[in-house]
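What follows is final21.txt (compact mmCIF, C-alpha atoms).
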```
# COMPACT_ATOMS: atom_id res chain seq x y z
CA MET X 4 123.18 51.26 122.34
CA SER X 5 125.85 48.69 123.18
CA LEU X 6 128.41 47.65 120.56
CA LYS X 7 127.02 44.09 120.55
CA LYS X 8 123.52 45.37 119.71
CA LEU X 9 125.01 47.65 117.05
CA PHE X 10 126.93 44.69 115.57
CA VAL X 11 123.77 42.55 115.43
CA ALA X 12 121.72 45.37 113.88
CA THR X 13 124.41 46.07 111.30
CA THR X 14 124.71 42.36 110.48
CA ILE X 15 120.97 42.10 109.86
CA ALA X 16 120.97 45.23 107.73
CA LEU X 17 123.96 44.07 105.67
CA SER X 18 122.45 40.68 104.98
CA SER X 19 119.02 42.04 104.08
CA GLY X 20 119.98 42.97 100.51
CA LEU X 21 118.88 46.61 100.73
CA ALA X 22 122.07 47.98 99.21
CA MET X 23 122.22 49.05 95.58
CA ALA X 24 125.79 49.28 94.33
CA ASN X 25 128.78 47.30 93.04
CA ASN X 26 130.88 44.72 94.87
CA VAL X 27 133.58 45.72 97.34
CA SER X 28 137.31 45.51 96.49
CA TYR X 29 139.94 43.25 98.09
CA ASP X 30 142.88 44.88 96.29
CA TYR X 31 144.10 47.90 98.24
CA VAL X 32 146.70 49.63 100.40
CA GLN X 33 145.66 51.78 103.33
CA GLY X 34 147.08 53.75 106.21
CA GLY X 35 145.45 55.34 109.19
CA LEU X 36 145.38 56.45 112.78
CA ILE X 37 143.91 54.42 115.64
CA ASP X 38 143.17 55.47 119.22
CA TYR X 39 142.50 53.00 122.05
CA ASP X 40 141.71 54.06 125.63
CA GLU X 41 145.34 53.58 126.77
CA VAL X 42 147.39 53.62 123.54
CA ASP X 43 147.27 55.17 120.08
CA GLY X 44 149.26 54.97 116.88
CA VAL X 45 149.27 54.12 113.20
CA ASN X 46 148.01 51.21 111.16
CA PHE X 47 149.01 50.04 107.67
CA GLU X 48 147.24 47.37 105.65
CA PHE X 49 147.81 45.70 102.28
CA SER X 50 145.27 43.33 100.70
CA LYS X 51 145.50 41.46 97.39
CA SER X 52 142.98 39.06 95.88
CA PHE X 53 144.30 35.78 94.48
CA THR X 54 141.02 34.54 93.01
CA GLU X 55 137.43 35.72 93.02
CA ASN X 56 136.92 34.40 96.58
CA PHE X 57 140.39 34.30 98.18
CA TYR X 58 142.76 37.07 99.18
CA GLY X 59 145.78 37.71 101.37
CA LYS X 60 146.24 40.57 103.83
CA VAL X 61 149.13 42.03 105.82
CA ASP X 62 148.14 44.31 108.71
CA TYR X 63 150.69 46.20 110.83
CA SER X 64 149.95 48.47 113.82
CA ASP X 65 152.50 50.54 115.77
CA LEU X 66 151.03 51.82 119.05
CA ASP X 67 152.40 53.74 122.02
CA ASN X 68 151.26 55.54 125.16
CA GLY X 69 154.32 57.69 125.75
CA GLY X 70 155.91 55.11 128.05
CA PHE X 71 156.03 51.97 125.94
CA ASP X 72 155.59 50.80 122.35
CA ILE X 73 153.53 47.93 120.99
CA SER X 74 153.75 46.49 117.48
CA ILE X 75 151.24 44.03 116.08
CA LEU X 76 151.73 42.19 112.78
CA ARG X 77 149.04 40.02 111.21
CA ILE X 78 149.46 37.96 108.04
CA ASN X 79 146.11 36.51 107.04
CA ALA X 80 144.51 34.40 104.35
CA GLY X 81 140.99 35.58 103.60
CA PHE X 82 137.83 34.20 102.05
CA ASN X 83 134.91 36.26 100.73
CA MET X 84 131.54 34.97 99.59
CA GLU X 85 128.91 37.08 97.86
CA ILE X 86 125.62 37.03 99.79
CA THR X 87 123.83 39.60 97.64
CA ASN X 88 124.91 41.63 94.64
CA ASN X 89 126.66 44.11 96.94
CA THR X 90 127.21 42.32 100.28
CA ASP X 91 130.01 39.90 101.06
CA PHE X 92 130.59 37.59 103.98
CA VAL X 93 134.31 37.68 104.85
CA ALA X 94 136.46 35.40 106.99
CA GLU X 95 140.17 35.46 107.73
CA LEU X 96 142.62 33.19 109.51
CA GLY X 97 146.25 34.01 110.06
CA TYR X 98 149.43 34.49 112.01
CA GLU X 99 149.77 37.24 114.62
CA ASP X 100 152.95 38.60 116.23
CA PHE X 101 152.66 40.87 119.28
CA ASP X 102 155.78 42.70 120.50
CA ALA X 103 155.72 45.13 123.46
CA ASP X 104 158.53 47.11 125.11
CA PHE X 105 157.41 46.00 128.56
CA GLY X 106 158.51 42.41 127.89
CA PHE X 107 155.38 40.79 126.50
CA ASP X 108 156.33 39.16 123.20
CA ASP X 109 154.17 36.39 121.79
CA ASN X 110 152.77 35.02 118.57
CA GLY X 111 149.79 32.89 117.65
CA TYR X 112 146.74 32.98 115.43
CA ASN X 113 143.87 35.35 114.77
CA VAL X 114 140.50 34.73 113.17
CA MET X 115 137.98 37.24 111.80
CA ALA X 116 134.42 36.99 110.42
CA GLY X 117 132.14 39.76 109.23
CA PHE X 118 130.31 41.51 106.41
CA ARG X 119 131.19 44.21 103.87
CA SER X 120 128.48 45.93 101.88
CA MET X 121 128.04 48.80 99.45
CA PHE X 122 124.88 50.67 100.52
CA THR X 123 125.23 53.15 97.67
CA ASN X 124 127.81 53.77 94.94
CA ASP X 125 129.78 55.87 97.46
CA LEU X 126 129.06 54.37 100.90
CA GLU X 127 130.45 51.06 102.13
CA VAL X 128 129.74 49.66 105.60
CA GLY X 129 131.32 46.77 107.45
CA ALA X 130 130.94 44.85 110.69
CA TYR X 131 133.58 42.42 111.99
CA ALA X 132 134.36 40.19 114.95
CA THR X 133 138.06 39.34 115.41
CA HIS X 134 139.58 36.96 117.94
CA SER X 135 143.27 37.17 118.93
CA ASP X 136 144.90 34.04 120.35
CA VAL X 137 147.85 36.10 121.61
CA LEU X 138 145.77 38.51 123.70
CA ASP X 139 142.95 36.01 124.27
CA SER X 140 140.53 38.78 123.31
CA THR X 141 137.70 39.46 120.91
CA ASP X 142 137.22 42.74 119.07
CA ILE X 143 133.89 43.90 117.59
CA THR X 144 134.30 46.66 114.98
CA VAL X 145 131.91 48.58 112.72
CA GLU X 146 133.07 50.91 109.96
CA GLY X 147 131.68 53.33 107.44
CA ARG X 148 133.70 54.10 104.30
CA TYR X 149 133.09 56.92 101.82
CA HIS X 150 134.42 56.34 98.28
CA PHE X 151 135.50 59.55 96.55
CA ASP X 152 135.96 57.61 93.33
CA ARG X 153 136.83 54.06 92.22
CA ASN X 154 140.27 54.24 93.86
CA MET X 155 140.25 56.61 96.84
CA SER X 156 138.22 56.25 100.04
CA VAL X 157 138.23 57.26 103.70
CA ALA X 158 136.78 55.31 106.63
CA LEU X 159 135.78 55.89 110.22
CA GLU X 160 135.65 52.85 112.50
CA PHE X 161 134.52 52.18 116.05
CA GLY X 162 135.20 49.08 118.08
CA ASN X 163 135.53 47.42 121.43
CA ASP X 164 138.28 44.95 122.32
CA ASP X 165 138.19 42.75 125.45
CA GLU X 166 141.85 43.52 126.19
CA LEU X 167 142.57 46.97 124.68
CA ASP X 168 139.10 48.48 125.34
CA GLU X 169 137.24 50.88 123.06
CA HIS X 170 138.91 52.24 119.94
CA ILE X 171 138.24 54.66 117.13
CA GLY X 172 140.15 54.94 113.89
CA VAL X 173 140.29 56.76 110.60
CA ASN X 174 142.04 55.47 107.51
CA PHE X 175 142.64 56.34 103.88
CA ARG X 176 142.57 53.62 101.23
CA TYR X 177 143.80 53.36 97.66
CA SER X 178 142.11 50.49 95.77
CA PHE X 179 143.69 49.13 92.61
```

Exercise: express the given structure as structure tokens:
Amino acid sequence: MSLKKLFVATTIALSSGLAMANNVSYDYVQGGLIDYDEVDGVNFEFSKSFTENFYGKVDYSDLDNGGFDISILRINAGFNMEITNNTDFVAELGYEDFDADFGFDDNGYNVMAGFRSMFTNDLEVGAYATHSDVLDSTDITVEGRYHFDRNMSVALEFGNDDELDEHIGVNFRYSF
């Protein structure tokens, strides 16, 4: 199954209202590992809600392939809207800074839209489409997150980016 078909199927499932749990959290810190076809590295993210529907997020990735390093910083403003009792539509718009050792340094905007849903009390799923102005690329990502308790969770994500190709990641999150 292609990632686009998987994204569409996940979107339909998330918006169908079949889940039976509480709302998702927008107050967290997380760290993880990410592996693209050509590069891999670490990712750190901090998100804080300002109101019921608005939040801010800082996302930093440090990638390398043994020959060069890439750092990506995103500072986004986010909006979330409850679709069902446990499914949110999310959208983000923000600044992106891309810095690579091989001389490509640029900044611009990024935009993201997707869904987050609690299928059960312990299982959260998400599907997102992100566009980067800097790389002129679009990334489609799906993730599954297991919540050990109210604060601690782990996620596995799969995605495909026009520019950086397929990627897989794992991250650990502390929600507050």

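Here CA of Arg77 in chain X is placed at a distance of 5.8 Å from CA of Val61 in chain X.
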
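Atom pair CA of Ile37 in chain X / CA of Met155 in chain X has a distance of 19.3 Å (rounded to one decimal).
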
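Minimum distance to Asn154 in chain X across X:Ser178, X:Ser28, X:Asn124, X:Asn68 (counting all atoms listed in the file) occurs at X:Ser178.
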
**Asked** From the set X:Tyr177, X:Ser135, X:Thr144, X:His170, which residue has the shortest atom-to-atom contact distance to Val32 in chain X, counting all atoms listed in the file?
**Response** X:Tyr177

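Using only C-alpha atoms, the smallest distance between any of X:Gly69, X:Gly117, X:Gly106, X:Gly147 and Gly172 in chain X comes from X:Gly147.
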
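Neighbours of Gln33 in chain X closer than or equal to 8 Å, with all atoms listed in the file counted and sequence neighbours fewer than 2 positions away skipped, come out as Tyr31, Gly35, Phe47, Glu48, Phe49, Asn174, Phe175, Arg176 and Tyr177 of chain X.
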
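Nearest to Glu85 in chain X of all the residues X:Phe118, X:Tyr39, X:Tyr149, X:Phe101 is X:Phe118, based on all atoms listed in the file.
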
**Item:** Residues within 6 Å of Tyr112 in chain X, only C-alpha atoms, excluding chain neighbours under 5 positions, as a ChimeraX atom specification
**Value:** /X:97-99,136

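Between His134 in chain X and the candidates X:Glu95, X:His150, X:Val42, X:Asp30, the tightest atom-to-atom separation, counting only C-alpha atoms, involves X:Glu95.
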
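With distances taken over all atoms listed in the file, X:Ile73 is the one residue among X:Ile73, X:Leu138, X:Val157, X:Ile171 lying closest to Phe105 in chain X.
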
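Take CA of Glu55 in chain X and CA of Gly129 in chain X: the distance between them is 19.2 Å.
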
**Message:** Show me the residues around (132.7, 47.0, 103.5) - criterion: an atom at most 10 Å away, only C-alpha atoms counted - as JSON, numbers by chain.
**Reply:** {"X": [17, 26, 27, 28, 29, 89, 90, 91, 92, 93, 117, 118, 119, 120, 121, 122, 126, 127, 128, 129, 130, 131, 145, 146, 147, 148, 158]}

Residues near Asp40 in chain X, cut-off 12 Å, all atoms listed in the file, skip fewer than 5 positions along chain, as an mmCIF file with C-alpha atoms, keeping the file's coordinate frame:
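Written file, out.cif:
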```
data_model
loop_
_atom_site.group_PDB
_atom_site.id
_atom_site.type_symbol
_atom_site.label_atom_id
_atom_site.label_comp_id
_atom_site.auth_asym_id
_atom_site.auth_seq_id
_atom_site.Cartn_x
_atom_site.Cartn_y
_atom_site.Cartn_z
ATOM 1 C CA LEU X 66 151.030 51.820 119.050
ATOM 2 C CA ASP X 67 152.400 53.740 122.020
ATOM 3 C CA ASN X 68 151.260 55.540 125.160
ATOM 4 C CA GLY X 162 135.200 49.080 118.080
ATOM 5 C CA ASN X 163 135.530 47.420 121.430
ATOM 6 C CA ASP X 164 138.280 44.950 122.320
ATOM 7 C CA ASP X 165 138.190 42.750 125.450
ATOM 8 C CA GLU X 166 141.850 43.520 126.190
ATOM 9 C CA LEU X 167 142.570 46.970 124.680
ATOM 10 C CA ASP X 168 139.100 48.480 125.340
ATOM 11 C CA GLU X 169 137.240 50.880 123.060
ATOM 12 C CA HIS X 170 138.910 52.240 119.940
ATOM 13 C CA ILE X 171 138.240 54.660 117.130
ATOM 14 C CA GLY X 172 140.150 54.940 113.890
#
```
